[in-house]
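Next comes final17.json, a file with JSON, C-alpha atoms and all ligand atoms.
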[["chain", "number", "residue", "atom", "x", "y", "z"],
["A", 26, "MET", "CA", 78.58, 92.64, 89.70],
["A", 27, "SER", "CA", 75.86, 92.78, 92.32],
["A", 28, "PRO", "CA", 76.36, 95.18, 95.25],
["A", 29, "THR", "CA", 75.74, 92.22, 97.54],
["A", 30, "THR", "CA", 78.65, 90.24, 96.07],
["A", 31, "PRO", "CA", 81.37, 90.47, 98.73],
["A", 32, "ALA", "CA", 84.58, 92.24, 97.81],
["A", 33, "ARG", "CA", 87.31, 89.63, 98.25],
["A", 34, "LEU", "CA", 90.45, 90.87, 99.96],
["A", 35, "THR", "CA", 93.85, 89.23, 100.26],
["A", 36, "VAL", "CA", 96.00, 90.75, 102.99],
["A", 37, "LEU", "CA", 99.81, 90.53, 102.83],
["A", 38, "ILE", "CA", 101.71, 90.87, 106.12],
["A", 39, "SER", "CA", 105.14, 90.37, 107.65],
["A", 40, "GLY", "CA", 104.73, 91.10, 111.34],
["A", 41, "SER", "CA", 102.49, 91.65, 114.30],
["A", 42, "GLY", "CA", 99.46, 92.30, 112.14],
["A", 43, "THR", "CA", 97.88, 95.11, 114.14],
["A", 44, "ASN", "CA", 96.72, 96.63, 110.85],
["A", 45, "LEU", "CA", 95.31, 93.27, 109.80],
["A", 46, "ALA", "CA", 93.48, 93.21, 113.15],
["A", 47, "ALA", "CA", 91.98, 96.62, 112.35],
["A", 48, "LEU", "CA", 90.74, 95.24, 109.00],
["A", 49, "ILE", "CA", 89.35, 92.09, 110.63],
["A", 50, "THR", "CA", 87.46, 94.18, 113.19],
["A", 51, "ALA", "CA", 86.12, 96.49, 110.49],
["A", 52, "GLN", "CA", 85.28, 93.67, 108.07],
["A", 53, "PRO", "CA", 81.54, 93.40, 108.86],
["A", 54, "THR", "CA", 80.96, 97.11, 108.29],
["A", 55, "LEU", "CA", 83.95, 98.11, 106.17],
["A", 56, "SER", "CA", 81.91, 99.43, 103.26],
["A", 57, "SER", "CA", 78.35, 100.67, 103.69],
["A", 58, "THR", "CA", 77.61, 99.70, 100.09],
["A", 59, "HIS", "CA", 79.58, 96.48, 99.55],
["A", 60, "PRO", "CA", 80.14, 93.57, 101.94],
["A", 61, "THR", "CA", 83.77, 92.60, 102.32],
["A", 62, "SER", "CA", 85.51, 89.34, 103.04],
["A", 63, "ILE", "CA", 89.20, 88.71, 103.78],
["A", 64, "VAL", "CA", 89.74, 85.50, 101.82],
["A", 65, "ARG", "CA", 93.36, 84.87, 102.81],
["A", 66, "VAL", "CA", 96.27, 86.31, 104.76],
["A", 67, "ILE", "CA", 99.74, 85.66, 103.34],
["A", 68, "SER", "CA", 102.91, 86.26, 105.32],
["A", 69, "ASN", "CA", 106.53, 86.19, 104.15],
["A", 70, "ARG", "CA", 107.61, 85.56, 107.76],
["A", 71, "LYS", "CA", 106.75, 82.30, 109.50],
["A", 72, "ALA", "CA", 106.73, 83.84, 112.99],
["A", 73, "ALA", "CA", 104.46, 86.75, 112.03],
["A", 74, "TYR", "CA", 101.88, 87.08, 114.80],
["A", 75, "GLY", "CA", 99.42, 88.23, 112.15],
["A", 76, "LEU", "CA", 99.14, 84.57, 111.08],
["A", 77, "THR", "CA", 97.79, 83.76, 114.55],
["A", 78, "ARG", "CA", 95.35, 86.66, 114.29],
["A", 79, "ALA", "CA", 94.15, 85.25, 110.94],
["A", 80, "SER", "CA", 93.74, 81.76, 112.36],
["A", 81, "ASP", "CA", 91.87, 83.11, 115.43],
["A", 82, "ALA", "CA", 89.49, 84.89, 113.06],
["A", 83, "GLY", "CA", 89.00, 81.75, 110.95],
["A", 84, "ILE", "CA", 90.70, 83.29, 107.91],
["A", 85, "PRO", "CA", 92.78, 80.94, 105.72],
["A", 86, "SER", "CA", 96.46, 81.82, 105.62],
["A", 87, "ALA", "CA", 99.67, 80.94, 103.85],
["A", 88, "TYR", "CA", 103.38, 81.39, 104.48],
["A", 89, "HIS", "CA", 105.40, 82.27, 101.38],
["A", 90, "ASN", "CA", 109.08, 82.74, 102.05],
["A", 91, "LEU", "CA", 111.83, 84.19, 99.85],
["A", 92, "ALA", "CA", 114.69, 82.37, 101.62],
["A", 93, "SER", "CA", 113.88, 79.00, 100.02],
["A", 94, "TYR", "CA", 114.00, 80.64, 96.55],
["A", 95, "LYS", "CA", 117.36, 82.26, 97.35],
["A", 96, "LYS", "CA", 118.77, 78.83, 98.26],
["A", 97, "ARG", "CA", 117.70, 77.36, 94.91],
["A", 98, "LEU", "CA", 118.23, 80.24, 92.49],
["A", 99, "THR", "CA", 121.00, 82.68, 91.66],
["A", 100, "PRO", "CA", 121.43, 85.54, 91.10],
["A", 101, "GLU", "CA", 119.17, 87.01, 93.77],
["A", 102, "SER", "CA", 117.14, 88.83, 91.11],
["A", 103, "ALA", "CA", 116.14, 85.41, 89.64],
["A", 104, "ALA", "CA", 115.07, 84.20, 93.09],
["A", 105, "ARG", "CA", 113.01, 87.35, 93.65],
["A", 106, "GLU", "CA", 111.38, 87.06, 90.24],
["A", 107, "ALA", "CA", 110.41, 83.40, 90.77],
["A", 108, "TYR", "CA", 109.18, 84.18, 94.30],
["A", 109, "ASP", "CA", 107.04, 87.08, 93.06],
["A", 110, "ALA", "CA", 105.60, 85.04, 90.17],
["A", 111, "ASP", "CA", 104.59, 82.27, 92.60],
["A", 112, "LEU", "CA", 103.19, 84.84, 95.03],
["A", 113, "ALA", "CA", 101.03, 86.16, 92.19],
["A", 114, "SER", "CA", 99.73, 82.63, 91.46],
["A", 115, "LEU", "CA", 99.04, 82.04, 95.15],
["A", 116, "VAL", "CA", 97.11, 85.31, 95.41],
["A", 117, "LEU", "CA", 95.19, 84.87, 92.14],
["A", 118, "ALA", "CA", 94.10, 81.33, 93.11],
["A", 119, "ASP", "CA", 91.64, 82.98, 95.53],
["A", 120, "SER", "CA", 90.23, 85.35, 92.86],
["A", 121, "PRO", "CA", 90.52, 88.44, 95.07],
["A", 122, "ASP", "CA", 89.27, 91.86, 94.06],
["A", 123, "LEU", "CA", 91.89, 93.77, 96.03],
["A", 124, "VAL", "CA", 95.24, 93.01, 97.67],
["A", 125, "VAL", "CA", 96.07, 94.98, 100.81],
["A", 126, "CYS", "CA", 99.74, 95.20, 101.86],
["A", 127, "ALA", "CA", 99.46, 95.78, 105.62],
["A", 128, "GLY", "CA", 103.03, 95.90, 106.87],
["A", 129, "PHE", "CA", 104.30, 93.59, 104.09],
["A", 130, "MET", "CA", 108.06, 94.10, 104.08],
["A", 131, "HIS", "CA", 108.88, 92.99, 100.56],
["A", 132, "ILE", "CA", 109.38, 95.03, 97.41],
["A", 133, "LEU", "CA", 106.93, 93.76, 94.79],
["A", 134, "SER", "CA", 108.42, 93.47, 91.31],
["A", 135, "PRO", "CA", 106.70, 93.40, 87.90],
["A", 136, "ALA", "CA", 106.72, 89.56, 88.17],
["A", 137, "PHE", "CA", 103.99, 90.06, 90.79],
["A", 138, "LEU", "CA", 102.46, 93.33, 89.61],
["A", 139, "ARG", "CA", 101.95, 92.36, 85.95],
["A", 140, "PRO", "CA", 99.79, 89.23, 86.44],
["A", 141, "LEU", "CA", 97.65, 91.05, 88.97],
["A", 142, "GLU", "CA", 97.17, 93.97, 86.62],
["A", 143, "GLU", "CA", 96.22, 91.55, 83.83],
["A", 144, "ALA", "CA", 93.66, 89.97, 86.17],
["A", 145, "GLY", "CA", 92.25, 93.41, 87.07],
["A", 146, "VAL", "CA", 93.30, 93.10, 90.73],
["A", 147, "ARG", "CA", 94.48, 96.32, 92.33],
["A", 148, "ILE", "CA", 97.04, 96.45, 95.12],
["A", 149, "ILE", "CA", 97.17, 98.99, 97.91],
["A", 150, "ASN", "CA", 99.85, 99.59, 100.54],
["A", 151, "LEU", "CA", 100.21, 101.26, 103.91],
["A", 152, "HIS", "CA", 103.24, 103.57, 104.12],
["A", 153, "PRO", "CA", 103.97, 105.09, 107.55],
["A", 154, "ALA", "CA", 104.94, 108.49, 106.12],
["A", 155, "LEU", "CA", 103.61, 111.01, 103.61],
["A", 156, "ARG", "CA", 104.10, 110.59, 99.86],
["A", 157, "GLY", "CA", 107.69, 110.96, 98.73],
["A", 158, "GLU", "CA", 109.00, 110.91, 102.30],
["A", 159, "PHE", "CA", 111.03, 108.12, 103.92],
["A", 160, "ASN", "CA", 110.21, 105.63, 101.15],
["A", 161, "GLY", "CA", 111.03, 102.01, 101.96],
["A", 162, "ALA", "CA", 111.68, 100.35, 105.31],
["A", 163, "HIS", "CA", 112.11, 101.96, 108.75],
["A", 164, "ALA", "CA", 110.14, 105.08, 107.77],
["A", 165, "ILE", "CA", 109.08, 105.81, 111.35],
["A", 166, "GLU", "CA", 112.63, 105.56, 112.70],
["A", 167, "ARG", "CA", 113.91, 107.82, 109.91],
["A", 168, "ALA", "CA", 111.13, 110.37, 110.47],
["A", 169, "HIS", "CA", 111.92, 110.39, 114.18],
["A", 170, "ALA", "CA", 115.63, 110.95, 113.46],
["A", 171, "ALA", "CA", 114.76, 113.81, 111.08],
["A", 172, "PHE", "CA", 112.50, 115.36, 113.75],
["A", 173, "MET", "CA", 115.24, 115.10, 116.38],
["A", 174, "ALA", "CA", 117.64, 116.79, 113.92],
["A", 175, "GLY", "CA", 115.14, 119.65, 113.56],
["A", 176, "GLU", "CA", 114.51, 118.82, 109.89],
["A", 177, "ILE", "CA", 110.75, 118.10, 110.02],
["A", 178, "GLN", "CA", 107.79, 119.24, 112.12],
["A", 179, "ARG", "CA", 105.29, 116.67, 110.86],
["A", 180, "THR", "CA", 105.17, 113.22, 109.40],
["A", 181, "GLY", "CA", 102.17, 111.12, 108.41],
["A", 182, "VAL", "CA", 100.61, 107.99, 107.03],
["A", 183, "MET", "CA", 99.62, 107.19, 103.46],
["A", 184, "ILE", "CA", 97.52, 104.51, 101.78],
["A", 185, "HIS", "CA", 98.40, 104.28, 98.09],
["A", 186, "TYR", "CA", 98.11, 102.11, 95.01],
["A", 187, "VAL", "CA", 101.21, 100.00, 94.44],
["A", 188, "ILE", "CA", 103.46, 100.52, 91.44],
["A", 189, "SER", "CA", 106.97, 99.17, 90.91],
["A", 190, "GLU", "CA", 108.52, 102.37, 92.31],
["A", 191, "VAL", "CA", 108.52, 101.83, 96.08],
["A", 192, "ASP", "CA", 105.90, 103.86, 97.99],
["A", 193, "MET", "CA", 105.34, 106.17, 95.00],
["A", 194, "GLY", "CA", 101.96, 105.01, 93.66],
["A", 195, "GLU", "CA", 98.90, 107.23, 93.52],
["A", 196, "PRO", "CA", 97.76, 108.10, 97.07],
["A", 197, "ILE", "CA", 94.27, 107.05, 98.18],
["A", 198, "LEU", "CA", 94.51, 109.00, 101.40],
["A", 199, "GLN", "CA", 97.15, 110.78, 103.43],
["A", 200, "VAL", "CA", 96.98, 111.85, 107.07],
["A", 201, "ALA", "CA", 99.50, 114.39, 108.35],
["A", 202, "ILE", "CA", 100.72, 113.94, 111.94],
["A", 203, "PRO", "CA", 102.12, 117.10, 113.55],
["A", 204, "LEU", "CA", 105.19, 116.40, 115.69],
["A", 205, "SER", "CA", 103.96, 118.62, 118.48],
["A", 206, "HIS", "CA", 103.19, 116.08, 121.19],
["A", 207, "PRO", "CA", 105.38, 116.74, 124.29],
["A", 208, "ASP", "CA", 106.73, 113.16, 124.16],
["A", 209, "ASP", "CA", 107.43, 112.93, 120.41],
["A", 210, "ASP", "CA", 111.17, 112.83, 121.16],
["A", 211, "ASN", "CA", 110.45, 109.37, 122.62],
["A", 212, "ILE", "CA", 110.30, 107.09, 119.58],
["A", 213, "ALA", "CA", 108.05, 104.56, 121.35],
["A", 214, "VAL", "CA", 105.44, 107.27, 121.99],
["A", 215, "LEU", "CA", 105.68, 108.50, 118.41],
["A", 216, "GLU", "CA", 105.38, 104.94, 117.06],
["A", 217, "ASP", "CA", 102.24, 104.37, 119.12],
["A", 218, "ARG", "CA", 100.72, 107.63, 117.80],
["A", 219, "ILE", "CA", 101.53, 106.67, 114.21],
["A", 220, "HIS", "CA", 100.16, 103.14, 114.65],
["A", 221, "ASP", "CA", 96.87, 104.57, 115.97],
["A", 222, "VAL", "CA", 96.58, 106.68, 112.82],
["A", 223, "GLU", "CA", 97.53, 103.69, 110.63],
["A", 224, "HIS", "CA", 94.74, 101.55, 112.08],
["A", 225, "GLU", "CA", 92.10, 104.07, 111.00],
["A", 226, "ALA", "CA", 93.83, 104.85, 107.67],
["A", 227, "ILE", "CA", 94.10, 101.20, 106.58],
["A", 228, "VAL", "CA", 90.36, 100.72, 107.09],
["A", 229, "GLU", "CA", 89.39, 103.98, 105.39],
["A", 230, "GLY", "CA", 91.86, 103.48, 102.52],
["A", 231, "THR", "CA", 90.62, 99.94, 101.92],
["A", 232, "ARG", "CA", 87.01, 101.16, 101.96],
["A", 233, "LEU", "CA", 87.82, 103.88, 99.41],
["A", 234, "ALA", "CA", 89.68, 101.40, 97.17],
["A", 235, "ILE", "CA", 86.77, 98.91, 97.26],
["A", 236, "GLU", "CA", 84.24, 101.59, 96.43],
["A", 237, "ALA", "CA", 86.44, 102.93, 93.59],
["A", 238, "LEU", "CA", 86.78, 99.42, 92.22],
["A", 239, "TRP", "CA", 83.04, 98.83, 92.24],
["A", 240, "ALA", "CA", 82.33, 102.26, 90.75],
["A", 241, "ALA", "CA", 84.75, 101.46, 87.91],
["A", 242, "ARG", "CA", 83.13, 98.06, 87.29],
["A", 243, "GLU", "CA", 79.62, 99.52, 87.34],
["A", 244, "GLY", "CA", 80.80, 102.21, 84.89],
["A", 245, "GLN", "CA", 82.10, 99.49, 82.56],
["A", 246, "ASN", "CA", 78.81, 97.59, 82.80],
["A", 247, "THR", "CA", 76.71, 100.64, 81.95],
["A", 248, "ALA", "CA", 78.97, 102.10, 79.22],
["A", 249, "PRO", "CA", 76.96, 102.51, 75.99],
["A", 250, "SER", "CA", 78.00, 100.07, 73.27],
["A", 251, "SER", "CA", 79.27, 101.73, 70.07],
["B", 1, "LIG", "C1", 103.33, 99.32, 110.25],
["B", 1, "LIG", "O1", 103.90, 100.33, 111.02],
["B", 1, "LIG", "C2", 103.41, 99.71, 108.78],
["B", 1, "LIG", "O2", 103.25, 101.06, 108.57],
["B", 1, "LIG", "C3", 104.80, 99.26, 108.42],
["B", 1, "LIG", "O3", 104.94, 98.03, 109.09],
["B", 1, "LIG", "C4", 104.19, 98.06, 110.31],
["B", 1, "LIG", "C5", 103.35, 96.81, 110.39],
["B", 1, "LIG", "O4", 102.71, 96.71, 111.63],
["B", 1, "LIG", "N1", 104.91, 99.12, 107.01],
["B", 1, "LIG", "C6", 105.95, 99.55, 106.31],
["B", 1, "LIG", "O5", 106.90, 100.08, 106.81],
["B", 1, "LIG", "C7", 105.86, 99.28, 104.82],
["B", 1, "LIG", "N2", 106.89, 100.00, 104.13],
["B", 1, "LIG", "P1", 101.62, 95.58, 111.89],
["B", 1, "LIG", "O6", 102.24, 94.25, 111.46],
["B", 1, "LIG", "O7", 101.38, 95.62, 113.37],
["B", 1, "LIG", "O8", 100.39, 95.91, 111.09]]
Translate this file's structure into structure tokens.
Amino acid sequence: MSPTTPARLTVLISGSGTNLAALITAQPTLSSTHPTSIVRVISNRKAAYGLTRASDAGIPSAYHNLASYKKRLTPESAAREAYDADLASLVLADSPDLVVCAGFMHILSPAFLRPLEEAGVRIINLHPALRGEFNGAHAIERAHAAFMAGEIQRTGVMIHYVISEVDMGEPILQVAIPLSHPDDDNIAVLEDRIHDVEHEAIVEGTRLAIEALWAAREGQNTAPSS
């Protein structure tokens, strides 16, 4: 793999896409050693503003929605499995090197994870808390409630590899955020502070994941044959 071959990224989103915007802005200079290209944005919500951000940036996008699977298939686990298998096919059709979950509010099952692993495509995720804390949805709200109850004095942001256990994969980077700002009792202020940290972390975490991927591939290419 030549260092000038662009790293192909697929970005999964569900919402406003401010983290996607940070990646789009950083795209030209994301890695100093490897050019990077976002090849597609996929949303599981039709109204996600991130789809507009993708279109404005000229990035192909797709909408892939679980509700239509739930209408056709029961039990729900069968619908989720079929949805995840089709999501894997949709992602792999673009031959990405890395999948970035940037506010993607869907728990990825082995029906998605296995085909990507077999294709050698790694998946990373942004979690708005530190490892092992507030796993799953509404992490910021739950951290704020814990702070207000006097249970925590800091929260954070993590970028990690995705495994089937939610928000428990190997961390790529973690940033602690002390809850010492005079307005941290105001959840809107705290959310803004966390989002600012996220926007730097998603870029840095993606850069580290791309460089780790290329280092691993170069290692494979130069391994002595036995
Ligand atoms: C971000 O706060 C991100 O940390 C959170 O969704 C938001 C997406 O914002 N993700 C999770 O909670 C994942 N468990 P954005 O659409 O503006 O990037």
Collect all residues with atoms no farther than 10 Å from ligand LIG 1 (chain B), counting only C-alpha atoms and all ligand atoms, and output them as a PDB file with C-alpha atoms, in the coordinates of the input.
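Saved the output as out07.pdb:
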ATOM      1  CA  LEU A  37      99.810  90.530 102.830  1.00  0.00           C
ATOM      2  CA  ILE A  38     101.710  90.870 106.120  1.00  0.00           C
ATOM      3  CA  SER A  39     105.140  90.370 107.650  1.00  0.00           C
ATOM      4  CA  GLY A  40     104.730  91.100 111.340  1.00  0.00           C
ATOM      5  CA  SER A  41     102.490  91.650 114.300  1.00  0.00           C
ATOM      6  CA  GLY A  42      99.460  92.300 112.140  1.00  0.00           C
ATOM      7  CA  THR A  43      97.880  95.110 114.140  1.00  0.00           C
ATOM      8  CA  ASN A  44      96.720  96.630 110.850  1.00  0.00           C
ATOM      9  CA  LEU A  45      95.310  93.270 109.800  1.00  0.00           C
ATOM     10  CA  ALA A  46      93.480  93.210 113.150  1.00  0.00           C
ATOM     11  CA  ALA A  47      91.980  96.620 112.350  1.00  0.00           C
ATOM     12  CA  LEU A  48      90.740  95.240 109.000  1.00  0.00           C
ATOM     13  CA  ALA A  73     104.460  86.750 112.030  1.00  0.00           C
ATOM     14  CA  TYR A  74     101.880  87.080 114.800  1.00  0.00           C
ATOM     15  CA  GLY A  75      99.420  88.230 112.150  1.00  0.00           C
ATOM     16  CA  CYS A 126      99.740  95.200 101.860  1.00  0.00           C
ATOM     17  CA  ALA A 127      99.460  95.780 105.620  1.00  0.00           C
ATOM     18  CA  GLY A 128     103.030  95.900 106.870  1.00  0.00           C
ATOM     19  CA  PHE A 129     104.300  93.590 104.090  1.00  0.00           C
ATOM     20  CA  MET A 130     108.060  94.100 104.080  1.00  0.00           C
ATOM     21  CA  HIS A 131     108.880  92.990 100.560  1.00  0.00           C
ATOM     22  CA  ILE A 132     109.380  95.030  97.410  1.00  0.00           C
ATOM     23  CA  ASN A 150      99.850  99.590 100.540  1.00  0.00           C
ATOM     24  CA  LEU A 151     100.210 101.260 103.910  1.00  0.00           C
ATOM     25  CA  HIS A 152     103.240 103.570 104.120  1.00  0.00           C
ATOM     26  CA  PRO A 153     103.970 105.090 107.550  1.00  0.00           C
ATOM     27  CA  ALA A 154     104.940 108.490 106.120  1.00  0.00           C
ATOM     28  CA  PHE A 159     111.030 108.120 103.920  1.00  0.00           C
ATOM     29  CA  ASN A 160     110.210 105.630 101.150  1.00  0.00           C
ATOM     30  CA  GLY A 161     111.030 102.010 101.960  1.00  0.00           C
ATOM     31  CA  ALA A 162     111.680 100.350 105.310  1.00  0.00           C
ATOM     32  CA  HIS A 163     112.110 101.960 108.750  1.00  0.00           C
ATOM     33  CA  ALA A 164     110.140 105.080 107.770  1.00  0.00           C
ATOM     34  CA  ILE A 165     109.080 105.810 111.350  1.00  0.00           C
ATOM     35  CA  GLU A 166     112.630 105.560 112.700  1.00  0.00           C
ATOM     36  CA  VAL A 182     100.610 107.990 107.030  1.00  0.00           C
ATOM     37  CA  MET A 183      99.620 107.190 103.460  1.00  0.00           C
ATOM     38  CA  ILE A 184      97.520 104.510 101.780  1.00  0.00           C
ATOM     39  CA  VAL A 191     108.520 101.830  96.080  1.00  0.00           C
ATOM     40  CA  ASP A 192     105.900 103.860  97.990  1.00  0.00           C
ATOM     41  CA  GLU A 216     105.380 104.940 117.060  1.00  0.00           C
ATOM     42  CA  ASP A 217     102.240 104.370 119.120  1.00  0.00           C
ATOM     43  CA  ILE A 219     101.530 106.670 114.210  1.00  0.00           C
ATOM     44  CA  HIS A 220     100.160 103.140 114.650  1.00  0.00           C
ATOM     45  CA  ASP A 221      96.870 104.570 115.970  1.00  0.00           C
ATOM     46  CA  VAL A 222      96.580 106.680 112.820  1.00  0.00           C
ATOM     47  CA  GLU A 223      97.530 103.690 110.630  1.00  0.00           C
ATOM     48  CA  HIS A 224      94.740 101.550 112.080  1.00  0.00           C
ATOM     49  CA  ILE A 227      94.100 101.200 106.580  1.00  0.00           C
TER      50      ILE A 227
END
- Contacts of Pro60 of chain A within 9 Å, only C-alpha atoms, excl. fewer than 2 positions in-chain, as number ranges by chain: A: 28-33, 52-58, 62
With C-alpha atoms retained, write the just-selected residues as a short mmCIF file (atom, residue, chain, number, x, y, z; two decimals), in the coordinates of the input.
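Output saved as again.cif:
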data_model
loop_
_atom_site.label_atom_id
_atom_site.label_comp_id
_atom_site.auth_asym_id
_atom_site.auth_seq_id
_atom_site.Cartn_x
_atom_site.Cartn_y
_atom_site.Cartn_z
CA PRO A 28 76.36 95.18 95.25
CA THR A 29 75.74 92.22 97.54
CA THR A 30 78.65 90.24 96.07
CA PRO A 31 81.37 90.47 98.73
CA ALA A 32 84.58 92.24 97.81
CA ARG A 33 87.31 89.63 98.25
CA GLN A 52 85.28 93.67 108.07
CA PRO A 53 81.54 93.40 108.86
CA THR A 54 80.96 97.11 108.29
CA LEU A 55 83.95 98.11 106.17
CA SER A 56 81.91 99.43 103.26
CA SER A 57 78.35 100.67 103.69
CA THR A 58 77.61 99.70 100.09
CA SER A 62 85.51 89.34 103.04
#
- Record the distance separating atom CA of Arg65 of chain A and atom CA of Glu195 of chain A, expressed in Å with one decimal. 24.8 Å
- Compile the contact shell of segment 111-124 of chain A as a PyMOL selection string: residues with an atom at most 9 Å away, counting all atoms listed in the file, same-chain residues fewer than 5 positions apart removed. chain A and resi 32-37+63-65+67+87+89+106+136-141+144-150+231+234-235+238
- Query: Interatomic distance between atom CA of Tyr186 of chain A and atom CA of Val125 of chain A?
  - Reply: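 Separating atom CA of Tyr186 of chain A from atom CA of Val125 of chain A is a distance of 9.4 Å.
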Have segment 117-124 of chain A completed to all heavy atoms, please, and pass it along as a PDB file, in the coordinates of the input.
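Okay, result.pdb is ready:
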ATOM      1  N   LEU A 117      96.261  84.933  93.152  1.00  0.00           N
ATOM      2  CA  LEU A 117      95.190  84.870  92.140  1.00  0.00           C
ATOM      3  C   LEU A 117      94.335  83.607  92.275  1.00  0.00           C
ATOM      4  O   LEU A 117      93.178  83.592  91.836  1.00  0.00           O
ATOM      5  CB  LEU A 117      95.781  84.985  90.737  1.00  0.00           C
ATOM      6  CG  LEU A 117      96.353  86.374  90.410  1.00  0.00           C
ATOM      7  CD1 LEU A 117      97.049  86.370  89.049  1.00  0.00           C
ATOM      8  CD2 LEU A 117      95.268  87.455  90.456  1.00  0.00           C
ATOM      9  N   ALA A 118      94.873  82.570  92.909  1.00  0.00           N
ATOM     10  CA  ALA A 118      94.100  81.330  93.110  1.00  0.00           C
ATOM     11  C   ALA A 118      92.829  81.587  93.919  1.00  0.00           C
ATOM     12  O   ALA A 118      91.861  80.836  93.824  1.00  0.00           O
ATOM     13  CB  ALA A 118      94.960  80.279  93.790  1.00  0.00           C
ATOM     14  N   ASP A 119      92.826  82.652  94.717  1.00  0.00           N
ATOM     15  CA  ASP A 119      91.640  82.980  95.530  1.00  0.00           C
ATOM     16  C   ASP A 119      90.705  83.962  94.831  1.00  0.00           C
ATOM     17  O   ASP A 119      89.713  84.389  95.441  1.00  0.00           O
ATOM     18  CB  ASP A 119      92.083  83.604  96.865  1.00  0.00           C
ATOM     19  CG  ASP A 119      92.752  82.605  97.786  1.00  0.00           C
ATOM     20  OD1 ASP A 119      92.260  81.462  97.869  1.00  0.00           O
ATOM     21  OD2 ASP A 119      93.768  82.973  98.422  1.00  0.00           O
ATOM     22  N   SER A 120      91.044  84.364  93.607  1.00  0.00           N
ATOM     23  CA  SER A 120      90.230  85.350  92.860  1.00  0.00           C
ATOM     24  C   SER A 120      89.871  86.578  93.711  1.00  0.00           C
ATOM     25  O   SER A 120      88.681  86.921  93.838  1.00  0.00           O
ATOM     26  CB  SER A 120      88.942  84.710  92.344  1.00  0.00           C
ATOM     27  OG  SER A 120      89.236  83.590  91.571  1.00  0.00           O
ATOM     28  N   PRO A 121      90.861  87.251  94.275  1.00  0.00           N
ATOM     29  CA  PRO A 121      90.520  88.440  95.070  1.00  0.00           C
ATOM     30  C   PRO A 121      90.167  89.611  94.163  1.00  0.00           C
ATOM     31  O   PRO A 121      90.478  89.618  92.961  1.00  0.00           O
ATOM     32  CB  PRO A 121      91.827  88.738  95.819  1.00  0.00           C
ATOM     33  CG  PRO A 121      92.893  88.246  94.898  1.00  0.00           C
ATOM     34  CD  PRO A 121      92.315  87.047  94.181  1.00  0.00           C
ATOM     35  N   ASP A 122      89.523  90.600  94.755  1.00  0.00           N
ATOM     36  CA  ASP A 122      89.270  91.860  94.060  1.00  0.00           C
ATOM     37  C   ASP A 122      90.364  92.875  94.360  1.00  0.00           C
ATOM     38  O   ASP A 122      90.661  93.747  93.553  1.00  0.00           O
ATOM     39  CB  ASP A 122      87.919  92.441  94.512  1.00  0.00           C
ATOM     40  CG  ASP A 122      86.780  91.524  94.135  1.00  0.00           C
ATOM     41  OD1 ASP A 122      86.529  91.383  92.924  1.00  0.00           O
ATOM     42  OD2 ASP A 122      86.170  90.916  95.029  1.00  0.00           O
ATOM     43  N   LEU A 123      90.932  92.762  95.561  1.00  0.00           N
ATOM     44  CA  LEU A 123      91.890  93.770  96.030  1.00  0.00           C
ATOM     45  C   LEU A 123      92.924  93.075  96.917  1.00  0.00           C
ATOM     46  O   LEU A 123      92.567  92.198  97.716  1.00  0.00           O
ATOM     47  CB  LEU A 123      91.138  94.831  96.840  1.00  0.00           C
ATOM     48  CG  LEU A 123      91.919  96.038  97.323  1.00  0.00           C
ATOM     49  CD1 LEU A 123      92.257  96.974  96.155  1.00  0.00           C
ATOM     50  CD2 LEU A 123      91.117  96.812  98.375  1.00  0.00           C
ATOM     51  N   VAL A 124      94.181  93.487  96.771  1.00  0.00           N
ATOM     52  CA  VAL A 124      95.240  93.010  97.670  1.00  0.00           C
ATOM     53  C   VAL A 124      95.658  94.182  98.549  1.00  0.00           C
ATOM     54  O   VAL A 124      95.916  95.282  98.053  1.00  0.00           O
ATOM     55  CB  VAL A 124      96.452  92.484  96.857  1.00  0.00           C
ATOM     56  CG1 VAL A 124      97.621  92.153  97.780  1.00  0.00           C
ATOM     57  CG2 VAL A 124      96.050  91.268  96.040  1.00  0.00           C
TER      58      VAL A 124
END
